[in-house]
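Shown next: structure09.cif, containing mmCIF, C-alpha atoms.
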```cif
data_model
#
loop_
_atom_site.label_atom_id
_atom_site.label_comp_id
_atom_site.auth_asym_id
_atom_site.auth_seq_id
_atom_site.Cartn_x
_atom_site.Cartn_y
_atom_site.Cartn_z
CA MET U 788 -2.47 -22.71 -10.68
CA SER U 789 -4.81 -20.25 -8.91
CA ASP U 790 -5.03 -16.68 -10.17
CA GLN U 791 -3.53 -15.30 -6.94
CA VAL U 792 -1.16 -16.58 -4.27
CA ARG U 793 -0.13 -14.89 -1.04
CA LEU U 794 3.53 -14.50 -0.10
CA PRO U 795 4.75 -13.37 3.33
CA VAL U 796 5.89 -9.76 3.59
CA GLU U 797 9.19 -10.53 5.32
CA GLY U 798 10.06 -13.23 2.78
CA LEU U 799 9.40 -10.91 -0.17
CA GLN U 800 11.50 -8.20 1.45
CA THR U 801 14.41 -10.59 1.95
CA PHE U 802 14.09 -11.93 -1.60
CA MET U 803 14.22 -8.49 -3.21
CA VAL U 804 17.13 -7.27 -1.10
CA GLN U 805 19.20 -10.37 -1.90
CA VAL U 806 18.41 -10.20 -5.62
CA LEU U 807 19.21 -6.50 -5.79
CA HIS U 808 22.50 -7.11 -4.00
CA LYS U 809 23.44 -9.72 -6.61
CA ALA U 810 22.50 -7.16 -9.26
CA GLY U 811 25.10 -4.79 -7.78
CA VAL U 812 22.93 -2.69 -5.45
CA PRO U 813 24.28 -2.02 -1.92
CA VAL U 814 22.29 -3.79 0.79
CA ALA U 815 21.09 -0.56 2.41
CA ASP U 816 19.82 0.73 -0.94
CA GLY U 817 18.17 -2.62 -1.64
CA GLU U 818 16.37 -2.44 1.69
CA CYS U 819 15.15 1.03 0.77
CA VAL U 820 13.77 -0.14 -2.60
CA ALA U 821 12.17 -3.27 -1.13
CA ALA U 822 10.46 -1.29 1.65
CA ASN U 823 9.14 1.19 -0.91
CA LEU U 824 7.65 -1.51 -3.17
CA ILE U 825 6.27 -3.58 -0.29
CA LYS U 826 4.53 -0.52 1.17
CA ALA U 827 2.53 -0.06 -2.04
CA ASP U 828 1.44 -3.71 -1.93
CA LEU U 829 0.52 -3.39 1.74
CA TRP U 830 -1.72 -0.50 0.77
CA GLY U 831 -3.30 -2.60 -1.97
CA VAL U 832 -1.71 -0.48 -4.70
CA GLY U 833 -0.14 -3.36 -6.61
CA THR U 834 0.55 -1.20 -9.65
CA HIS U 835 3.39 0.48 -7.71
CA GLY U 836 4.51 -2.54 -5.72
CA ILE U 837 6.51 -5.66 -6.48
CA SER U 838 5.03 -5.73 -9.99
CA ARG U 839 7.65 -3.04 -10.75
CA PHE U 840 10.52 -5.20 -9.49
CA PRO U 841 11.19 -7.15 -12.73
CA ARG U 842 11.47 -3.92 -14.71
CA TYR U 843 13.82 -2.39 -12.16
CA LEU U 844 16.04 -5.44 -12.52
CA MET U 845 15.90 -5.31 -16.31
CA ARG U 846 17.03 -1.69 -16.28
CA LEU U 847 19.80 -2.40 -13.79
CA GLY U 848 20.94 -5.17 -16.09
CA ASN U 849 20.98 -3.09 -19.27
CA GLY U 850 22.68 -0.13 -17.61
CA THR U 851 19.80 2.35 -17.85
CA ILE U 852 19.76 2.57 -14.03
CA ASN U 853 22.94 3.12 -12.03
CA CYS U 854 23.19 0.49 -9.29
CA ARG U 855 25.65 2.53 -7.19
CA PRO U 856 24.84 6.22 -7.74
CA GLN U 857 26.86 9.06 -6.28
CA ILE U 858 23.91 11.19 -5.21
CA SER U 859 24.73 14.89 -4.95
CA ILE U 860 22.87 17.14 -2.49
CA GLN U 861 23.64 20.86 -2.52
CA ASN U 862 22.11 23.85 -0.78
CA THR U 863 21.34 26.45 -3.44
CA TRP U 864 19.53 28.73 -0.94
CA PRO U 865 19.15 28.49 2.87
CA ALA U 866 15.99 26.32 2.66
CA VAL U 867 16.38 24.99 -0.88
CA ILE U 868 18.35 21.91 -1.91
CA ALA U 869 19.20 20.58 -5.36
CA VAL U 870 19.53 16.81 -5.62
CA ASP U 871 21.20 15.02 -8.53
CA GLY U 872 20.30 11.33 -8.34
CA ASP U 873 23.07 10.18 -10.72
CA ASN U 874 20.48 7.93 -12.43
CA GLY U 875 20.02 5.80 -9.32
CA LEU U 876 16.98 3.76 -8.35
CA GLY U 877 14.17 6.24 -7.75
CA ALA U 878 13.31 4.96 -4.28
CA VAL U 879 16.90 5.47 -3.18
CA VAL U 880 17.13 8.95 -4.68
CA GLY U 881 13.71 9.99 -3.38
CA SER U 882 14.38 8.73 0.14
CA ARG U 883 17.76 10.46 0.28
CA ALA U 884 16.18 13.72 -0.94
CA LEU U 885 13.34 13.47 1.57
CA GLN U 886 15.71 12.92 4.48
CA ALA U 887 17.86 15.87 3.43
CA ALA U 888 14.74 18.04 3.11
CA MET U 889 13.50 17.03 6.57
CA ASP U 890 16.91 17.74 8.08
CA SER U 891 16.91 21.19 6.50
CA ALA U 892 13.30 21.91 7.48
CA GLY U 893 14.16 20.91 11.03
CA ARG U 894 16.49 23.92 11.08
CA SER U 895 14.53 26.35 8.88
CA GLY U 896 10.91 25.31 9.30
CA ILE U 897 10.55 24.54 5.61
CA CYS U 898 12.61 23.07 2.79
CA VAL U 899 12.10 22.62 -0.94
CA ALA U 900 14.06 19.83 -2.63
CA GLY U 901 14.31 19.74 -6.41
CA VAL U 902 15.45 16.37 -7.78
CA ARG U 903 16.83 15.54 -11.22
CA ASN U 904 18.43 12.48 -12.81
CA SER U 905 16.13 10.10 -10.95
CA ASN U 906 13.86 7.21 -11.94
CA HIS U 907 10.44 5.82 -11.06
CA PHE U 908 10.33 6.23 -7.28
CA GLY U 909 7.26 4.21 -6.34
CA ALA U 910 4.15 5.62 -4.73
CA ALA U 911 4.53 9.34 -3.98
CA GLY U 912 2.44 8.88 -0.84
CA TYR U 913 5.19 6.69 0.61
CA TYR U 914 7.37 9.76 1.15
CA CYS U 915 4.50 11.79 2.54
CA GLU U 916 3.79 9.13 5.15
CA LEU U 917 7.45 9.04 6.20
CA ALA U 918 7.48 12.81 6.55
CA ALA U 919 4.19 12.93 8.46
CA ARG U 920 5.45 10.38 10.98
CA GLY U 921 8.31 12.82 11.65
CA ASN U 922 5.86 15.71 12.26
CA TYR U 923 6.26 17.28 8.85
CA VAL U 924 3.57 18.36 6.41
CA ALA U 925 4.73 17.23 2.97
CA LEU U 926 3.91 17.85 -0.69
CA VAL U 927 5.54 15.47 -3.19
CA LEU U 928 5.33 15.76 -6.98
CA THR U 929 6.93 13.76 -9.78
CA ASN U 930 6.79 13.67 -13.53
CA ALA U 931 6.64 10.45 -15.53
CA LEU U 932 6.85 8.88 -18.97
CA ALA U 933 4.66 10.79 -21.45
CA ALA U 934 1.37 8.90 -21.60
CA MET U 935 -1.32 11.60 -21.64
CA PRO U 936 -2.30 14.16 -24.27
CA PRO U 937 -2.92 17.82 -23.53
CA TRP U 938 -6.61 18.63 -23.51
CA GLY U 939 -7.76 18.56 -27.13
CA GLY U 940 -4.61 16.77 -28.33
CA LYS U 941 -4.09 13.26 -29.72
CA SER U 942 -0.43 12.61 -28.91
CA ALA U 943 1.12 11.93 -25.52
CA VAL U 944 3.08 14.85 -24.07
CA LEU U 945 2.49 14.59 -20.31
CA GLY U 946 2.97 11.83 -17.77
CA THR U 947 0.35 10.71 -15.26
CA ASN U 948 2.28 13.06 -12.92
CA PRO U 949 0.99 12.34 -9.40
CA VAL U 950 0.44 14.72 -6.51
CA ALA U 951 0.81 13.52 -2.91
CA ILE U 952 0.25 15.32 0.39
CA GLY U 953 0.91 14.08 3.92
CA LEU U 954 -0.73 15.55 7.02
CA PRO U 955 0.59 14.46 10.44
CA ARG U 956 -1.67 13.53 13.37
CA LYS U 957 -0.90 12.90 17.04
CA ASN U 958 -0.75 9.20 17.90
CA LYS U 959 -2.88 8.36 14.86
CA GLU U 960 -2.25 7.34 11.27
CA PRO U 961 -1.45 10.37 9.10
CA VAL U 962 -3.69 11.56 6.31
CA VAL U 963 -2.03 10.57 3.02
CA ILE U 964 -3.41 11.92 -0.25
CA ASP U 965 -1.88 10.35 -3.37
CA LEU U 966 -3.47 10.75 -6.77
CA ALA U 967 -2.48 10.60 -10.41
CA THR U 968 -3.48 13.54 -12.59
CA SER U 969 -4.75 11.03 -15.14
CA VAL U 970 -8.14 9.35 -14.81
CA VAL U 971 -6.24 6.22 -13.78
CA ALA U 972 -2.63 5.34 -12.94
CA ARG U 973 -0.73 3.91 -15.92
CA GLY U 974 0.23 0.96 -13.73
CA LYS U 975 -3.40 -0.20 -13.69
CA ILE U 976 -3.39 -0.44 -17.46
CA ILE U 977 -0.08 -2.33 -17.37
CA ALA U 978 -1.63 -4.72 -14.86
CA ALA U 979 -4.70 -5.22 -17.06
CA ALA U 980 -2.45 -5.97 -20.04
CA LYS U 981 -0.53 -8.59 -18.04
CA GLN U 982 -3.78 -10.23 -16.95
CA GLY U 983 -5.35 -10.04 -20.40
CA ILE U 984 -8.46 -8.18 -19.24
CA ALA U 985 -10.27 -5.19 -20.75
CA ILE U 986 -10.13 -1.71 -19.23
CA PRO U 987 -13.19 0.50 -18.72
CA VAL U 988 -14.36 2.93 -21.37
CA GLY U 989 -13.08 6.42 -20.63
CA TRP U 990 -9.64 5.42 -19.39
CA ALA U 991 -7.63 5.68 -22.60
CA LEU U 992 -7.32 6.35 -26.32
CA ASP U 993 -5.51 4.27 -28.95
CA GLU U 994 -2.73 5.60 -31.20
CA ASP U 995 -5.31 7.24 -33.46
CA GLY U 996 -7.01 9.06 -30.61
CA ARG U 997 -10.03 6.75 -30.46
CA PRO U 998 -11.49 5.43 -27.18
CA THR U 999 -10.32 1.88 -26.40
CA THR U 1000 -10.91 -0.87 -23.85
CA ASP U 1001 -7.83 -2.82 -25.02
CA PRO U 1002 -5.01 -2.26 -22.51
CA GLU U 1003 -2.32 -3.04 -25.11
CA ALA U 1004 -3.77 -0.43 -27.44
CA ALA U 1005 -3.99 1.98 -24.50
CA LEU U 1006 -0.30 1.52 -23.66
CA LYS U 1007 0.58 2.31 -27.28
CA GLY U 1008 -1.83 5.23 -27.20
CA MET U 1009 -2.71 7.63 -24.38
CA ILE U 1010 -4.33 7.79 -20.96
CA LEU U 1011 -6.95 10.48 -20.41
CA PRO U 1012 -6.57 13.21 -17.77
CA MET U 1013 -8.80 13.21 -14.71
CA ALA U 1014 -11.53 15.84 -14.68
CA GLY U 1015 -10.86 16.76 -18.31
CA PRO U 1016 -9.09 20.11 -18.75
CA LYS U 1017 -8.59 20.47 -14.97
CA GLY U 1018 -6.53 17.28 -14.81
CA TYR U 1019 -4.57 18.38 -17.87
CA ALA U 1020 -3.76 21.73 -16.23
CA LEU U 1021 -2.64 20.05 -13.02
CA ALA U 1022 -0.48 17.51 -14.91
CA LEU U 1023 1.18 20.36 -16.81
CA ALA U 1024 1.92 22.19 -13.55
CA VAL U 1025 3.41 19.05 -11.95
CA ASP U 1026 5.67 18.45 -14.96
CA HIS U 1027 6.80 22.06 -14.94
CA LEU U 1028 7.62 21.99 -11.23
CA SER U 1029 9.21 18.51 -11.30
CA GLY U 1030 10.98 18.75 -14.64
CA VAL U 1031 11.44 22.26 -16.00
CA PHE U 1032 12.00 23.86 -12.59
CA THR U 1033 14.49 21.26 -11.25
CA GLY U 1034 16.64 20.71 -14.35
CA ALA U 1035 15.23 17.21 -15.02
CA ALA U 1036 13.69 16.01 -18.27
CA PHE U 1037 10.16 17.16 -19.06
CA GLY U 1038 7.29 16.33 -21.40
CA LYS U 1039 8.16 13.89 -24.17
CA ASN U 1040 11.79 13.70 -23.04
CA VAL U 1041 11.08 11.89 -19.75
CA ALA U 1042 12.27 8.28 -20.02
CA SER U 1043 12.18 8.51 -23.82
CA TYR U 1044 15.56 6.81 -24.38
CA SER U 1045 15.65 8.50 -27.79
CA SER U 1046 18.85 9.40 -29.64
CA GLY U 1047 20.91 7.03 -27.52
CA GLN U 1048 19.70 8.48 -24.20
CA LYS U 1049 20.59 6.08 -21.39
CA GLN U 1050 18.60 7.45 -18.48
CA ALA U 1051 15.04 8.44 -17.62
CA ASN U 1052 16.05 11.72 -15.92
CA MET U 1053 12.77 11.90 -14.03
CA GLY U 1054 12.28 14.88 -11.75
CA HIS U 1055 10.65 15.24 -8.35
CA LEU U 1056 9.76 18.22 -6.19
CA ILE U 1057 9.54 17.64 -2.44
CA ILE U 1058 8.34 20.32 -0.03
CA VAL U 1059 8.38 19.65 3.72
CA MET U 1060 7.23 21.97 6.48
CA LYS U 1061 7.36 21.54 10.24
CA ALA U 1062 3.89 20.85 11.63
CA ASP U 1063 4.48 23.64 14.15
CA ALA U 1064 5.60 26.16 11.52
CA PHE U 1065 2.76 28.56 12.38
CA LEU U 1066 1.40 27.26 15.69
CA GLY U 1067 2.65 25.29 18.65
CA LEU U 1068 2.69 21.56 17.91
CA ASP U 1069 -0.06 20.80 20.44
CA SER U 1070 -2.25 23.52 18.95
CA TYR U 1071 -1.69 22.14 15.45
CA TYR U 1072 -2.66 18.64 16.53
CA GLU U 1073 -5.78 19.85 18.35
CA ARG U 1074 -6.93 21.81 15.30
CA ALA U 1075 -6.13 18.94 12.95
CA GLU U 1076 -8.24 16.51 14.99
CA ALA U 1077 -11.11 18.98 15.31
CA PHE U 1078 -11.16 19.40 11.53
CA LEU U 1079 -10.83 15.70 10.72
CA GLN U 1080 -13.58 14.83 13.19
CA GLN U 1081 -15.87 17.24 11.35
CA VAL U 1082 -15.13 15.27 8.20
CA LYS U 1083 -15.48 11.82 9.78
CA THR U 1084 -18.70 12.58 11.66
CA GLY U 1085 -20.48 14.43 8.89
CA GLU U 1086 -23.87 13.17 7.71
CA ARG U 1087 -23.47 10.10 5.51
CA ALA U 1088 -25.14 9.54 2.15
CA ALA U 1089 -27.62 6.70 1.75
CA GLY U 1090 -25.96 3.30 1.94
CA ILE U 1091 -22.68 4.64 3.33
CA THR U 1092 -21.58 3.16 6.66
CA GLU U 1093 -18.40 5.17 7.20
CA ILE U 1094 -16.66 8.24 5.82
CA TYR U 1095 -12.98 7.52 5.28
CA LEU U 1096 -10.13 9.99 5.34
CA PRO U 1097 -7.71 9.92 2.40
CA GLY U 1098 -5.35 6.99 2.89
CA GLU U 1099 -7.43 5.42 5.66
CA ARG U 1100 -8.66 2.46 3.63
CA GLU U 1101 -5.10 1.76 2.47
CA GLN U 1102 -3.92 1.83 6.09
CA ASN U 1103 -6.66 -0.65 7.02
CA THR U 1104 -5.57 -2.87 4.12
CA GLU U 1105 -1.97 -2.69 5.35
CA LYS U 1106 -2.92 -4.10 8.76
CA GLN U 1107 -4.65 -7.06 7.10
CA THR U 1108 -1.92 -7.70 4.52
CA LEU U 1109 0.80 -7.79 7.17
CA THR U 1110 -1.01 -10.85 8.53
CA THR U 1111 -2.28 -12.50 5.35
CA GLY U 1112 0.69 -11.78 3.06
CA VAL U 1113 0.93 -9.95 -0.25
CA SER U 1114 -1.40 -11.10 -3.02
CA VAL U 1115 0.66 -11.98 -6.12
CA PRO U 1116 -1.04 -12.63 -9.48
CA ALA U 1117 -0.03 -15.78 -11.35
CA GLY U 1118 1.79 -13.85 -14.09
CA LEU U 1119 3.89 -11.90 -11.63
CA LEU U 1120 4.60 -15.06 -9.64
CA SER U 1121 6.04 -16.64 -12.80
CA GLU U 1122 8.28 -13.59 -13.27
CA LEU U 1123 9.48 -13.79 -9.67
CA LYS U 1124 10.21 -17.51 -10.00
CA ALA U 1125 12.25 -16.81 -13.13
CA ILE U 1126 14.19 -14.12 -11.24
CA SER U 1127 14.73 -16.59 -8.39
CA ALA U 1128 16.22 -19.11 -10.82
CA ASP U 1129 18.35 -16.53 -12.65
CA PHE U 1130 19.88 -15.07 -9.47
CA GLY U 1131 19.96 -18.22 -7.37
CA VAL U 1132 17.89 -16.62 -4.60
CA PRO U 1133 14.99 -18.61 -3.12
CA LEU U 1134 11.52 -17.09 -3.39
CA TYR U 1135 10.13 -17.56 0.09
CA SER U 1136 6.53 -18.74 0.24
CA GLY U 1137 6.16 -19.27 3.98
#
```
When written as structure tokens, how does the structure in this file appear?
Amino acid sequence: MSDQVRLPVEGLQTFMVQVLHKAGVPVADGECVAANLIKADLWGVGTHGISRFPRYLMRLGNGTINCRPQISIQNTWPAVIAVDGDNGLGAVVGSRALQAAMDSAGRSGICVAGVRNSNHFGAAGYYCELAARGNYVALVLTNALAAMPPWGGKSAVLGTNPVAIGLPRKNKEPVVIDLATSVVARGKIIAAAKQGIAIPVGWALDEDGRPTTDPEAALKGMILPMAGPKGYALALAVDHLSGVFTGAAFGKNVASYSSGQKQANMGHLIIVMKADAFLGLDSYYERAEAFLQQVKTGERAAGITEIYLPGEREQNTEKQTLTTGVSVPAGLLSELKAISADFGVPLYSG
């Protein structure tokens, strides 16, 4: 068997929706989750794509994710909404919160949505892109399982806690910034462990706080923050805003499942603003393009053929992957085939 196979996007989407439905998830919610995971793979971010699907299913099966949540959305202030995800699939909760925030911002110009009782919601940039396509500037934060020490510490307290920002453009792909506050996303270490390959020096520490290139030791230990103390400070702020501020779990309590806890209780903070909040929409778009052209047409360093905007390379990858299909490693393919057999749903291969 080759190390990688390519599966058609539409077939993978259909497969996941049908499996999720058999696992008790409503079809519309399954479509939401599948679209979220597929988008990450289209961008070439396999750590947040279909590689997460087996774990989602496992948690649906053991009851640590609610397959049919009763999501609560309440206005606590005129442009502030509190969302309780009822332990639903994170993509479903996040998408519902984003839509509610955009609806509110459409009336008020801005909306802040605080989300609690959620789960892993995929790539944060996914929500920023959706918002940007609707002419909203978006900032999306989430906390995560504790995997990173505070600066100077040797035990995990903070998650990799990503920050994502979406900037709309007129008749062009939006700028999408999506970055973990760790030196690397935890999903990359999980992927390395599944493939049995070493990770670079400087990514992680083992349980004793020593540098390691062993991904298994890294997963038992800690991931290092990006930019040293600056990344640590940013990760702390994201956890405070996503967890402490919203009423979700925070720090070591996120997805700890300790003392009989049955839910991750991840928190998200979503801020959306109308692109014409301060200027007319045409003026905004003109200024945005003038600025981005300054960036794109700046002098290039030696050996560089093009300056890319944040998210641009992922958008280029998406165009190619829609044609070629999603690249699936052999280990993940085996997992998907096992799921296919267990649920009686064919895994389409084109």
Test item: residues at most 7 Å from stretch 936-938 of chain U, all atoms listed in the file, excluding those fewer than 5 positions along its chain, as number ranges by chain
U: 943-945, 1009, 1015-1016, 1019
For U:Thr1111, which residue out of U:Leu1079, U:Leu794, U:Ala815, U:Val832 is the nearest one, using all atoms listed in the file?
U:Leu794
With all atoms listed in the file as the basis for distance, which of U:Val899, U:Ile1057, U:Ala911, U:Val1115 is at the shortest distance from U:Asp828?
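Checking each candidate against U:Asp828, we get U:Val1115 as the closest.
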Report as a list in words the full result of the PyMOL selection byres ((chain U and resi 790) around 10) when it is applied to this structure.
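This file gives the following for the PyMOL selection byres ((chain U and resi 790) around 10): Met788, Ser789, Gln791, Val792, Gln982, Ser1114, Val1115, Pro1116, Ala1117, Gly1118 and Leu1120 of chain U.
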Rounded to one decimal place, report the atom CA of U:Lys1039-atom CA of U:Ala931 distance in Å.
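Atom-to-atom, atom CA of U:Lys1039 to atom CA of U:Ala931, that is 9.4 Å.
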Please report the interatomic distance between atom CA of U:Ala967 and atom CA of U:His1027 in Å with one decimal.
15.4 Å
Once the PyMOL selection byres ((chain U and resi 861) around 10) has been evaluated on this model, what residues remain selected, and can you format them as a VMD selection string?
chain U and resid 859 to 860 862 to 864 867 to 871 887 900
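Once the PyMOL selection byres ((chain U and resi 821) around 9) is applied to the depicted file, the selected set reads Leu799, Gln800, Thr801, Phe802, Met803, Val804, Asp816, Gly817, Glu818, Cys819, Val820, Ala822, Asn823, Leu824, Ile825, Lys826, Gly836, Ile837, Phe840 and Ala878 of chain U.
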At a cut-off of 9 Å, can you tabulate as JSON lines every residue of stretch 1020-1126 of chain U near stretch 846-857 of chain U together with its closest atom pair and the distance in Å to one decimal, using only C-alpha atoms and ordering rows by chain then number?
```
{"residue": "U:Tyr1044", "atom": "CA", "partner": "U:Thr851", "partner_atom": "CA", "distance": 9.0}
{"residue": "U:Gln1048", "atom": "CA", "partner": "U:Thr851", "partner_atom": "CA", "distance": 8.8}
{"residue": "U:Lys1049", "atom": "CA", "partner": "U:Thr851", "partner_atom": "CA", "distance": 5.2}
{"residue": "U:Gln1050", "atom": "CA", "partner": "U:Thr851", "partner_atom": "CA", "distance": 5.3}
{"residue": "U:Ala1051", "atom": "CA", "partner": "U:Thr851", "partner_atom": "CA", "distance": 7.7}
```
Within 9 Å of U:Lys957, counting all atoms listed in the file, which residues qualify if same-chain residues fewer than 3 places away don't, as a list in words?
Asn922, Glu960, Pro961, Asp1069, Tyr1072, Glu1073, Ala1075 and Glu1076 of chain U
